[in-house]
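The block underneath contains the structure these notes are about, expressed in structure tokens.
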Amino acid sequence: MKAYCVQCAKEQELTDVSDVTMKEDNKASKGVCAVCGDTVFVLSDEEMIYSQK
Ligand SMILES: [Zn+2]
């Protein structure tokens, strides 16, 4: 899947994508940016994407 990577400041392909549950039972997907290796979270409910760093 593709998502916005904060480190790259652009949309990148994610690898190692897995489903995670955030605080308050928000479902999200977590992946690793194929370019810089940063962890990227993609929230399902909101279109909010942020880096773990
Ligand atoms: Zn990146």
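In the structure tokens, the first chain shown is A, the next is B, and so on; residue numbers restart at 1 for each chain, and ligands run from 1 in the order shown.
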
- [ ] Check which residues fall inside 9 Å of ligand 1 when counting only C-alpha atoms and all ligand atoms, and print them as number ranges by chain.
- [x] A: 4-14, 32-40

Task: Interatomic distance, atom CA of Val20 of chain A to atom CA of Lys2 of chain A (Å, one decimal) - done: 16.6 Å
